[in-house]
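Okay, input-v9.cif is below, mmCIF, C-alpha atoms:
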data_protein
loop_
_atom_site.label_atom_id
_atom_site.label_comp_id
_atom_site.auth_asym_id
_atom_site.auth_seq_id
_atom_site.Cartn_x
_atom_site.Cartn_y
_atom_site.Cartn_z
CA MET U 417 -10.65 14.32 -1.97
CA ALA U 418 -9.71 17.62 -0.43
CA ALA U 419 -7.29 16.15 2.03
CA SER U 420 -4.93 18.55 3.66
CA GLN U 421 -1.32 17.58 4.04
CA SER U 422 -1.68 16.97 7.77
CA ASP U 423 -4.33 14.39 6.95
CA TYR U 424 -1.94 11.98 5.35
CA LYS U 425 1.68 12.87 6.03
CA ASP U 426 1.80 11.03 9.36
CA ARG U 427 -0.14 8.05 8.13
CA GLN U 428 2.67 5.57 7.82
CA PHE U 429 1.17 2.31 9.08
CA LEU U 430 -1.07 -0.37 7.67
CA ALA U 431 -3.57 -1.81 10.15
CA VAL U 432 -5.08 -5.30 10.00
CA ILE U 433 -8.29 -6.77 11.37
CA GLY U 434 -8.32 -10.44 10.53
CA ASP U 435 -8.18 -14.06 11.54
CA GLU U 436 -4.99 -15.36 13.07
CA ASP U 437 -3.39 -16.62 9.86
CA SER U 438 -4.14 -13.42 7.97
CA VAL U 439 -2.65 -11.29 10.71
CA THR U 440 0.36 -13.58 11.16
CA GLY U 441 1.05 -13.56 7.42
CA LEU U 442 0.82 -9.81 7.12
CA LEU U 443 2.89 -9.21 10.24
CA LEU U 444 5.59 -11.41 8.70
CA ALA U 445 5.95 -8.71 6.05
CA GLY U 446 6.89 -6.28 8.82
CA ILE U 447 3.82 -4.08 9.04
CA GLY U 448 3.11 -4.80 12.71
CA HIS U 449 3.70 -1.92 15.09
CA VAL U 450 3.16 -1.40 18.80
CA THR U 451 3.41 2.18 20.05
CA SER U 452 5.63 3.06 23.00
CA PRO U 453 4.65 1.68 26.44
CA PRO U 454 2.20 4.07 28.13
CA ASP U 455 -0.34 3.39 25.37
CA SER U 456 1.11 0.28 23.69
CA GLN U 457 -1.44 0.47 20.92
CA LYS U 458 -1.30 -2.29 18.38
CA ASN U 459 -2.12 -1.79 14.73
CA PHE U 460 -3.74 -5.21 14.40
CA LEU U 461 -6.58 -7.23 15.86
CA VAL U 462 -6.78 -11.00 15.73
CA VAL U 463 -10.41 -12.06 15.41
CA ASP U 464 -11.51 -15.57 16.30
CA GLY U 465 -14.84 -17.22 16.99
CA LYS U 466 -15.01 -15.71 20.46
CA THR U 467 -14.33 -12.12 19.48
CA GLU U 468 -17.34 -9.90 20.07
CA THR U 469 -18.60 -7.74 17.24
CA SER U 470 -18.26 -4.77 19.60
CA ALA U 471 -14.51 -5.45 19.87
CA ILE U 472 -14.19 -5.50 16.08
CA GLU U 473 -16.15 -2.30 15.88
CA ALA U 474 -13.98 -0.69 18.55
CA ALA U 475 -10.81 -1.64 16.67
CA PHE U 476 -12.26 -0.31 13.42
CA GLU U 477 -13.23 2.91 15.17
CA SER U 478 -9.76 3.22 16.66
CA PHE U 479 -7.93 2.60 13.37
CA THR U 480 -10.14 4.86 11.29
CA THR U 481 -11.09 7.70 13.61
CA GLN U 482 -8.93 7.91 16.71
CA ARG U 483 -5.52 7.09 15.34
CA LYS U 484 -3.99 9.49 12.88
CA ASP U 485 -1.01 7.34 11.91
CA ILE U 486 -2.81 4.69 9.85
CA GLY U 487 -3.11 5.00 6.08
CA ILE U 488 -4.67 1.70 5.03
CA VAL U 489 -6.92 -0.61 7.05
CA LEU U 490 -6.93 -4.21 5.82
CA ILE U 491 -9.87 -6.26 6.96
CA ASN U 492 -10.94 -9.79 6.10
CA GLN U 493 -14.10 -9.65 4.06
CA HIS U 494 -16.00 -12.06 6.31
CA ILE U 495 -15.14 -9.89 9.32
CA ALA U 496 -16.12 -6.74 7.42
CA ASP U 497 -19.52 -8.38 6.91
CA LYS U 498 -20.03 -8.31 10.67
CA ILE U 499 -19.66 -4.54 10.76
CA ARG U 500 -20.93 -3.90 7.23
CA TYR U 501 -23.09 -0.98 8.33
CA ARG U 502 -19.99 0.77 9.66
CA ILE U 503 -17.94 0.12 6.55
CA ASP U 504 -20.65 1.21 4.15
CA THR U 505 -21.13 4.49 5.95
CA TYR U 506 -17.42 5.18 6.15
CA THR U 507 -16.61 8.04 3.78
CA ALA U 508 -13.34 9.63 4.98
CA ALA U 509 -10.48 9.88 2.49
CA PHE U 510 -7.94 8.47 4.96
CA PRO U 511 -7.41 5.76 5.96
CA THR U 512 -8.47 3.69 2.97
CA ILE U 513 -10.33 0.48 3.78
CA LEU U 514 -9.32 -2.59 1.79
CA GLU U 515 -11.20 -5.84 2.20
CA ILE U 516 -9.08 -8.92 1.68
CA PRO U 517 -9.90 -12.61 1.38
CA SER U 518 -9.25 -14.99 4.25
CA LYS U 519 -8.24 -18.62 4.43
CA GLU U 520 -11.73 -20.01 4.71
CA HIS U 521 -13.63 -17.30 2.90
CA PRO U 522 -12.60 -16.64 -0.71
CA TYR U 523 -13.12 -13.14 -2.01
CA ASP U 524 -16.67 -12.34 -3.03
CA PRO U 525 -16.71 -9.67 -5.78
CA GLU U 526 -20.43 -9.06 -5.08
CA LYS U 527 -19.44 -7.41 -1.82
CA ASP U 528 -16.47 -5.50 -3.19
CA SER U 529 -17.06 -1.81 -2.57
CA VAL U 530 -15.23 -0.75 -5.73
CA LEU U 531 -17.13 -3.16 -7.96
CA ARG U 532 -20.40 -2.04 -6.41
CA ARG U 533 -19.46 1.54 -7.29
CA VAL U 534 -18.71 0.42 -10.85
CA ARG U 535 -22.18 -1.05 -11.15
CA ARG U 536 -23.71 2.15 -9.84
CA LEU U 537 -21.77 4.25 -12.35
CA PHE U 538 -22.98 2.16 -15.26
CA GLY U 539 -26.52 2.40 -13.99
CA GLU U 540 -27.27 -1.09 -12.79
CA MET P 912 -17.37 17.41 -27.31
CA ASP P 913 -18.87 16.70 -23.91
CA GLN P 914 -19.92 13.22 -24.89
CA ASP P 915 -16.38 12.56 -26.15
CA HIS P 916 -15.06 13.76 -22.82
CA ILE P 917 -17.35 11.35 -20.96
CA ASP P 918 -16.35 8.51 -23.28
CA GLY P 919 -12.69 9.29 -22.68
CA LEU P 920 -13.24 9.24 -18.94
CA LEU P 921 -15.15 5.98 -19.11
CA GLU P 922 -12.44 4.41 -21.23
CA ARG P 923 -9.89 5.38 -18.66
CA TYR P 924 -12.16 4.11 -15.92
CA LEU P 925 -12.40 0.71 -17.61
CA HIS P 926 -8.61 0.52 -17.84
CA LEU P 927 -8.43 1.26 -14.12
CA LEU P 928 -11.08 -1.38 -13.48
CA HIS P 929 -9.04 -3.89 -15.45
CA ASP P 930 -5.96 -3.08 -13.36
CA TYR P 931 -8.02 -3.35 -10.21
CA THR P 932 -9.45 -6.78 -11.02
CA SER P 933 -6.07 -8.18 -12.09
CA LEU P 934 -4.48 -6.86 -8.89
CA ARG P 935 -7.31 -8.43 -6.91
CA GLU P 936 -6.54 -11.78 -8.55
CA GLU P 937 -2.86 -11.35 -7.80
CA LEU P 938 -3.64 -10.55 -4.17
CA ALA P 939 -5.89 -13.60 -3.87
CA ALA P 940 -3.17 -15.83 -5.34
CA LEU P 941 -0.50 -14.41 -3.03
CA GLN P 942 -2.70 -14.82 0.01
CA THR P 943 -3.57 -18.38 -0.92
CA GLY P 944 0.16 -19.13 -1.14
CA MET P 945 0.68 -17.44 2.20
CA TYR P 946 -2.07 -19.46 3.93
CA GLN P 947 -0.79 -22.70 2.46
CA SER P 948 2.74 -21.97 3.64
CA ILE P 949 1.56 -21.13 7.16
CA ALA P 950 -0.52 -24.32 7.21
CA ARG P 951 2.51 -26.35 6.12
CA ALA P 952 4.65 -24.71 8.80
CA ASN P 953 2.02 -25.53 11.46
CA PHE P 954 1.70 -29.10 10.18
CA ALA P 955 5.44 -29.71 10.35
CA ALA P 956 5.85 -28.01 13.73
CA GLU P 957 6.21 -29.87 17.00
CA ARG P 958 3.06 -30.89 18.78
CA GLY P 959 1.17 -27.99 20.26
CA VAL P 960 3.17 -25.38 18.40
CA ARG P 961 1.16 -23.07 16.25
CA PHE P 962 2.73 -20.11 14.47
CA GLY P 963 0.34 -17.45 15.57
CA GLN P 964 -0.33 -14.65 17.99
CA ASP P 965 1.29 -16.39 20.96
CA TYR P 966 4.65 -15.66 19.37
CA TYR P 967 4.11 -12.03 18.41
CA ASP P 968 6.64 -9.63 19.83
CA ASP P 969 4.85 -7.08 22.01
CA ARG P 970 7.42 -4.44 21.14
CA MET P 971 7.32 -4.92 17.39
CA GLN P 972 8.18 -1.97 15.20
CA ALA P 973 7.02 -1.71 11.63
CA SER P 974 9.79 -2.28 9.11
CA ARG P 975 7.52 -1.61 6.15
CA ARG P 976 5.69 1.67 6.25
CA LEU P 977 3.41 3.68 4.06
CA ALA P 978 4.43 6.69 2.07
CA ILE P 979 1.38 8.57 0.87
CA SER P 980 1.86 11.26 -1.70
CA CYS P 981 -0.91 13.63 -2.49
CA LYS P 982 -0.49 16.78 -4.50
CA SER P 983 -2.85 19.15 -6.15
CA GLN P 984 -2.85 19.38 -9.88
CA ASP P 985 -3.46 22.51 -11.90
CA GLN P 986 -4.08 21.45 -15.43
CA ASP P 987 -6.35 22.89 -17.98
CA HIS P 988 -8.92 20.80 -19.70
CA ALA P 989 -6.93 20.15 -22.87
CA GLN P 990 -3.91 18.89 -20.98
CA ALA P 991 -6.06 16.65 -18.86
CA GLN P 992 -7.64 15.23 -21.97
CA ALA P 993 -4.22 14.56 -23.48
CA GLN P 994 -3.23 12.75 -20.35
CA VAL P 995 -6.27 10.51 -20.54
CA GLN P 996 -5.23 9.46 -24.01
CA ASP P 997 -1.65 8.92 -22.94
CA LEU P 998 -2.77 6.73 -20.12
CA SER P 999 -5.14 4.72 -22.25
CA GLU P 1000 -2.54 4.19 -24.93
CA SER P 1001 0.38 3.24 -22.78
CA GLN P 1002 -1.67 1.78 -19.94
CA ASN P 1003 0.79 3.44 -17.67
CA GLU P 1004 -0.61 3.03 -14.20
CA LYS P 1005 2.45 4.55 -12.63
CA ASN P 1006 1.08 7.98 -13.31
CA LEU P 1007 -1.72 8.13 -10.81
CA ALA P 1008 -3.01 11.43 -12.01
CA VAL P 1009 -6.48 12.42 -11.08
CA LEU P 1010 -8.05 14.80 -13.52
CA SER P 1011 -9.19 17.32 -11.01
CA GLY P 1012 -8.28 17.85 -7.42
CA MET P 1013 -5.64 15.65 -5.92
CA ILE P 1014 -3.27 12.94 -7.02
CA THR P 1015 -3.05 10.35 -4.31
CA SER P 1016 -0.79 7.36 -4.40
CA PHE P 1017 0.22 4.87 -1.78
CA ALA P 1018 3.58 3.16 -1.58
CA VAL P 1019 5.04 0.83 0.99
CA VAL P 1020 8.67 1.51 1.72
CA ASN P 1021 11.21 -0.34 3.76
CA PRO P 1022 13.23 2.17 5.80
CA ALA P 1023 16.06 -0.38 5.88
CA ALA P 1024 16.59 0.34 2.18
CA VAL P 1025 17.82 3.79 3.17
CA CYS P 1026 20.88 2.03 4.55
CA VAL P 1027 22.45 1.54 1.12
CA PRO P 1028 22.42 5.11 -0.16
CA ALA P 1029 23.42 6.42 3.26
CA SER P 1030 26.52 4.27 3.30
CA THR P 1031 27.47 5.17 -0.25
CA VAL P 1032 27.31 8.83 0.65
CA GLU P 1033 29.80 8.30 3.41
CA ASP P 1034 31.91 6.25 1.03
CA SER P 1035 32.11 8.93 -1.56
CA GLU P 1036 32.75 11.59 1.04
CA ALA P 1037 35.60 9.58 2.48
CA GLY P 1038 37.00 9.21 -1.03
CA VAL P 1039 36.71 5.42 -1.07
CA GLU P 1040 36.26 4.46 -4.70
CA ALA P 1041 34.85 1.01 -4.15
CA PRO P 1042 33.90 -0.68 -7.40
CA ASN P 1043 30.27 -1.72 -7.44
CA PRO P 1044 30.30 -5.40 -6.56
CA ASN P 1045 26.74 -6.07 -7.49
CA PRO P 1046 25.49 -5.41 -11.02
CA ASN P 1047 21.96 -5.24 -9.65
CA HIS P 1048 22.97 -2.46 -7.36
CA ASN P 1049 21.25 0.88 -7.73
CA PRO P 1050 23.04 2.70 -10.55
CA HIS P 1051 22.47 6.15 -9.07
CA PRO P 1052 22.98 5.79 -5.37
CA ARG P 1053 24.63 9.14 -4.93
CA SER P 1054 21.88 11.26 -6.40
CA GLU P 1055 19.21 9.29 -4.61
CA ALA P 1056 21.02 9.60 -1.33
CA GLU P 1057 21.33 13.32 -1.80
CA ALA P 1058 17.67 13.54 -2.56
CA GLU P 1059 16.85 11.58 0.56
CA ASP P 1060 19.10 13.76 2.68
CA GLU P 1061 17.41 16.85 1.40
CA SER P 1062 13.98 15.42 1.79
CA VAL P 1063 14.52 14.91 5.50
CA GLU P 1064 14.49 18.65 5.90
CA GLN P 1065 11.67 19.23 3.49
CA THR P 1066 8.00 18.50 3.41
CA ALA P 1067 6.58 15.03 3.70
CA SER P 1068 4.97 15.27 0.31
CA LYS P 1069 8.34 15.87 -1.27
CA SER P 1070 9.89 12.86 0.35
CA THR P 1071 6.95 10.64 -0.44
CA ASN P 1072 7.12 11.75 -4.04
CA ILE P 1073 10.61 10.39 -4.15
CA GLU P 1074 9.56 7.14 -2.63
CA ALA P 1075 6.36 6.60 -4.59
CA PRO P 1076 7.79 5.96 -8.06
CA ARG P 1077 10.45 3.75 -6.60
CA ALA P 1078 7.93 1.41 -5.08
CA GLN P 1079 5.77 1.32 -8.13
CA THR P 1080 8.57 0.71 -10.59
CA PRO P 1081 10.38 -1.92 -8.58
CA SER P 1082 13.97 -0.75 -8.55
CA PRO P 1083 16.74 -3.30 -8.09
CA GLN P 1084 16.79 -2.39 -4.42
CA THR P 1085 13.14 -3.22 -3.78
CA ASP P 1086 13.61 -6.44 -5.72
CA ILE P 1087 16.34 -7.38 -3.35
CA ASP P 1088 14.16 -6.55 -0.41
CA ALA P 1089 11.30 -8.55 -1.79
CA GLN P 1090 13.42 -11.66 -1.64
CA PRO P 1091 12.80 -13.60 1.50
CA GLY P 1092 16.04 -14.70 3.00
CA ARG P 1093 17.72 -11.46 2.13
CA SER P 1094 15.44 -8.97 3.75
CA THR P 1095 16.69 -6.55 6.35
CA ARG P 1096 19.85 -8.38 7.17
CA ALA P 1097 20.69 -8.83 3.50
CA THR P 1098 20.48 -5.09 3.02
CA VAL P 1099 22.88 -4.54 5.86
CA GLY P 1100 25.12 -7.08 4.19
CA GLU P 1101 25.07 -5.06 0.99
CA CYS P 1102 26.32 -2.05 2.90
CA THR P 1103 29.23 -4.00 4.23
CA ASP P 1104 30.05 -5.27 0.74
CA SER P 1105 30.81 -1.84 -0.57
CA SER P 1106 32.79 -0.68 2.44
CA PRO P 1107 34.48 -2.79 5.07
CA SER P 1108 34.53 0.18 7.43
CA MET P 1109 30.75 0.09 7.51
CA ALA P 1110 30.68 -3.48 8.75
CA LYS P 1111 30.72 -2.55 12.41
CA LYS P 1112 28.10 0.11 11.97
CA GLY P 1113 25.91 -2.23 9.98
CA THR P 1114 25.90 -4.96 12.58
CA ALA P 1115 25.41 -2.47 15.38
CA THR P 1116 22.08 -1.25 14.05
CA PRO P 1117 19.01 -2.61 15.85
CA GLN P 1118 17.48 -3.40 12.45
CA LYS P 1119 19.10 -6.81 12.64
CA SER P 1120 16.49 -8.19 15.00
CA ASN P 1121 13.63 -6.49 13.24
CA ASP P 1122 12.74 -9.47 11.08
CA PRO P 1123 9.39 -10.87 12.31
CA LEU P 1124 10.58 -14.39 11.46
CA ARG P 1125 12.71 -14.21 14.59
CA TRP P 1126 9.64 -14.16 16.81
CA PHE P 1127 9.21 -17.78 15.90
CA GLY P 1128 12.73 -18.82 16.85
CA ILE P 1129 16.18 -18.53 15.40
CA LEU P 1130 15.72 -21.42 12.99
CA SER P 1131 12.43 -20.50 11.44
CA PRO P 1132 10.95 -23.22 9.22
CA MET P 1133 11.20 -22.94 5.45
CA PRO P 1134 7.42 -22.76 4.84
CA LEU P 1135 7.23 -19.75 7.13
CA ARG P 1136 9.89 -18.04 5.04
CA GLU P 1137 7.84 -18.81 1.96
CA ALA P 1138 4.80 -17.29 3.63
CA GLN P 1139 6.89 -14.20 4.23
CA ILE P 1140 7.83 -13.95 0.52
CA HIS P 1141 4.17 -13.97 -0.51
CA SER P 1142 3.23 -11.53 2.20
CA ILE P 1143 6.00 -9.05 1.39
CA ARG P 1144 5.05 -9.13 -2.27
CA ALA P 1145 1.41 -8.46 -1.38
CA VAL P 1146 2.27 -5.64 1.01
CA GLU P 1147 4.86 -3.95 -1.21
CA HIS P 1148 3.43 -4.34 -4.67
CA VAL P 1149 -0.27 -5.17 -4.57
CA ILE P 1150 -1.94 -3.55 -1.56
CA PRO P 1151 -0.62 0.02 -2.10
CA ARG P 1152 -1.59 -0.11 -5.78
CA LEU P 1153 -5.07 -1.37 -4.93
CA ALA P 1154 -5.52 1.47 -2.46
CA SER P 1155 -4.30 4.02 -5.00
CA LEU P 1156 -6.59 2.63 -7.69
CA ASP P 1157 -9.54 2.75 -5.32
CA ILE P 1158 -9.02 6.47 -4.76
CA GLU P 1159 -8.26 7.17 -8.41
CA MET P 1160 -11.38 5.37 -9.60
CA GLU P 1161 -13.46 7.30 -7.11
CA ALA P 1162 -12.11 10.55 -8.52
CA VAL P 1163 -12.91 9.50 -12.10
CA GLU P 1164 -16.43 8.54 -10.99
CA ILE P 1165 -16.96 12.04 -9.63
CA GLU P 1166 -15.61 13.51 -12.86
CA VAL P 1167 -17.94 11.35 -14.97
CA ARG P 1168 -20.97 12.35 -12.92
CA ARG P 1169 -20.06 16.03 -13.24
CA ALA P 1170 -19.59 15.71 -16.99
CA ARG P 1171 -22.92 13.89 -17.33
CA LYS P 1172 -24.64 16.61 -15.36
CA ARG P 1173 -23.08 19.30 -17.55
CA LEU P 1174 -24.17 17.44 -20.67
CA ALA P 1175 -27.73 17.05 -19.37
CA LYS P 1176 -27.86 20.77 -18.58
CA ALA P 1177 -26.53 21.72 -22.01
CA GLU P 1178 -29.06 19.45 -23.70
CA ALA P 1179 -31.89 20.91 -21.63
CA ALA P 1180 -30.78 24.42 -22.57
CA ALA P 1181 -30.50 23.48 -26.23
CA SER P 1182 -33.99 22.00 -26.29
CA LYS P 1183 -35.41 25.12 -24.63
CA LEU P 1184 -33.82 27.45 -27.16
CA PRO P 1185 -35.79 26.36 -30.26
CA GLN P 1186 -39.01 26.45 -28.23
CA GLN P 1187 -38.38 30.06 -27.25
CA SER P 1188 -37.49 31.11 -30.79
CA GLY P 1189 -40.41 29.17 -32.24
#
In structure tokens, write the structure found in this file.
Amino acid sequence: MAASQSDYKDRQFLAVIGDEDSVTGLLLAGIGHVTSPPDSQKNFLVVDGKTETSAIEAAFESFTTQRKDIGIVLINQHIADKIRYRIDTYTAAFPTILEIPSKEHPYDPEKDSVLRRVRRLFGE
Amino acid sequence: MDQDHIDGLLERYLHLLHDYTSLREELAALQTGMYQSIARANFAAERGVRFGQDYYDDRMQASRRLAISCKSQDQDHAQAQAQVQDLSESQNEKNLAVLSGMITSFAVVNPAAVCVPASTVEDSEAGVEAPNPNPNHNPHPRSEAEAEDESVEQTASKSTNIEAPRAQTPSPQTDIDAQPGRSTRATVGECTDSSPSMAKKGTATPQKSNDPLRWFGILSPMPLREAQIHSIRAVEHVIPRLASLDIEMEAVEIEVRRARKRLAKAEAAASKLPQQSG
């Protein structure tokens, strides 16, 4: 929890890794951002059936480690399952990872990281 | 004493857990609404048209951004305990205090909302005493605008502290923003209401074209607007609170484990003492 001010003060974007409808819906709220031309880095990744797991992993790596302007990473739970090992070993304070349901995959509380922590605390 | 402390912490933790699960349900409901609306928009669209990534603007700029506030807290044990009780009694989740270490809270703010106080500052400086046309209008625009002006020069934590409570206790302004058809452009419209001289400035700002609905054409279908309502509500009111709760619960977990460890140590010491004396 010992986050220094520089850790969070520039973190002003939400990032999304999700299927097309999830990303479209969230971008409609105005969270989408593309950085200025030389880099043109997007803060979202649309994942479909053809997207390689390595591409998802690379986006996750970029949003959580390389970029310092992202405060929350939203990821569809069924996509998070593909890189579960990465998400379970992620411990940094910022950005926060939030798994969200998708159109075809309702939210599974069994996989919810917070609820798993609750079970651990109460000794199950 | 120590056991009471642990019980207090656990009680607070369960309240947080309750908030978390209800927010999760709210998020699921909002997202379901969003997916249904997008599906309806796609169904009603012309053949071959799908509202998706083909229409995204490659130069998009975020109109809703995060404001993270995080400050250290120096409180003695008794005060912290009192706060636990306060929180459990009033169930006031606005106060995202973490017992030890840092208070972290997330808020999503719409920079376009700054437009209203900024214009009212200029109004009052120019001596225009425009009566407030909208009863829902922010009752203290002047003080807020001053605070925002100051905060530009000051630290990020200060400015985010100003923003954080506003997003969590939805002020009239955020309510306005949360409404679909009256998003960014509606806010600009509010500016022009209070001062006709601001009309030109308001329309000249590039914010006008910042609405993502415009990627999908000038006449965006109604279901897509409905999807936007759900999405804005999720992004402004649910997601930042979920993220804050996640961090807060983690901090309480650490506190509980520490307290348990202390209790176990004290018990071990107490059981050793009679053995030594006996």
Q: Starting from chain U, keep only residues with some atom at most 9 Å from an atom of chain P, counting all atoms listed in the file, and report them as a PyMOL selection string.
A: chain U and resi 417-421+424-430+436-453+456+458+462+486-488+490+509+512-514+516-519+522-523+530-531+533-534+537
Q. What gap, in Å, lies between atom CA of U:Asp464 and atom CA of U:Phe476?
A.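 According to the coordinates, atom CA of U:Asp464 and atom CA of U:Phe476 are separated by 15.5 Å.
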Q: Kindly give the distance, in Å, that separates atom CA of P:Ala1175 and atom CA of P:Arg923, rounded to a single decimal.
A: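 The value is 21.3 Å.
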Q.
Using only C-alpha atoms, can you tell me which of U:Ile433, U:Phe460, U:Ala508, U:Ala471 comes closest to U:His494?
A.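 Closest candidate: U:Ile433.
Taking atom CA of U:Ala431 as the reference point, atom CA of U:Asn459 is found at 4.8 Å.
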Q | Residue contacts of U:Arg500 (12 Å, all atoms listed in the file) excluding same-chain residues fewer than 6 positions away, as a PyMOL selection string | A | chain U and resi 469+472-473+476+491-494+506+513+515+527-529
Please complete stretch 1169-1181 of chain P so it has N, CA and C atoms, and hand it over as a compact mmCIF listing (two decimals), in the coordinates of the input.
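See selection-v5.txt below for the written result:
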# COMPACT_ATOMS: atom_id res chain seq x y z
N ARG P 1169 -20.03 14.59 -12.95
CA ARG P 1169 -20.06 16.03 -13.24
C ARG P 1169 -20.26 16.26 -14.73
N ALA P 1170 -19.50 15.52 -15.54
CA ALA P 1170 -19.59 15.71 -16.99
C ALA P 1170 -20.98 15.35 -17.49
N ARG P 1171 -21.56 14.29 -16.93
CA ARG P 1171 -22.92 13.89 -17.33
C ARG P 1171 -23.93 14.98 -16.98
N LYS P 1172 -23.73 15.55 -15.81
CA LYS P 1172 -24.64 16.61 -15.36
C LYS P 1172 -24.55 17.81 -16.29
N ARG P 1173 -23.29 18.17 -16.63
CA ARG P 1173 -23.08 19.30 -17.55
C ARG P 1173 -23.76 19.04 -18.89
N LEU P 1174 -23.60 17.81 -19.37
CA LEU P 1174 -24.17 17.44 -20.67
C LEU P 1174 -25.69 17.53 -20.61
N ALA P 1175 -26.27 17.03 -19.52
CA ALA P 1175 -27.73 17.05 -19.37
C ALA P 1175 -28.24 18.49 -19.34
N LYS P 1176 -27.48 19.36 -18.67
CA LYS P 1176 -27.86 20.77 -18.58
C LYS P 1176 -27.81 21.42 -19.96
N ALA P 1177 -26.71 21.13 -20.68
CA ALA P 1177 -26.53 21.72 -22.01
C ALA P 1177 -27.64 21.25 -22.94
N GLU P 1178 -28.00 19.98 -22.84
CA GLU P 1178 -29.06 19.45 -23.70
C GLU P 1178 -30.40 20.10 -23.37
N ALA P 1179 -30.64 20.28 -22.06
CA ALA P 1179 -31.89 20.91 -21.63
C ALA P 1179 -31.97 22.34 -22.16
N ALA P 1180 -30.83 23.03 -22.08
CA ALA P 1180 -30.78 24.42 -22.57
C ALA P 1180 -31.00 24.45 -24.07
N ALA P 1181 -30.39 23.51 -24.76
CA ALA P 1181 -30.50 23.48 -26.23
C ALA P 1181 -31.94 23.19 -26.67
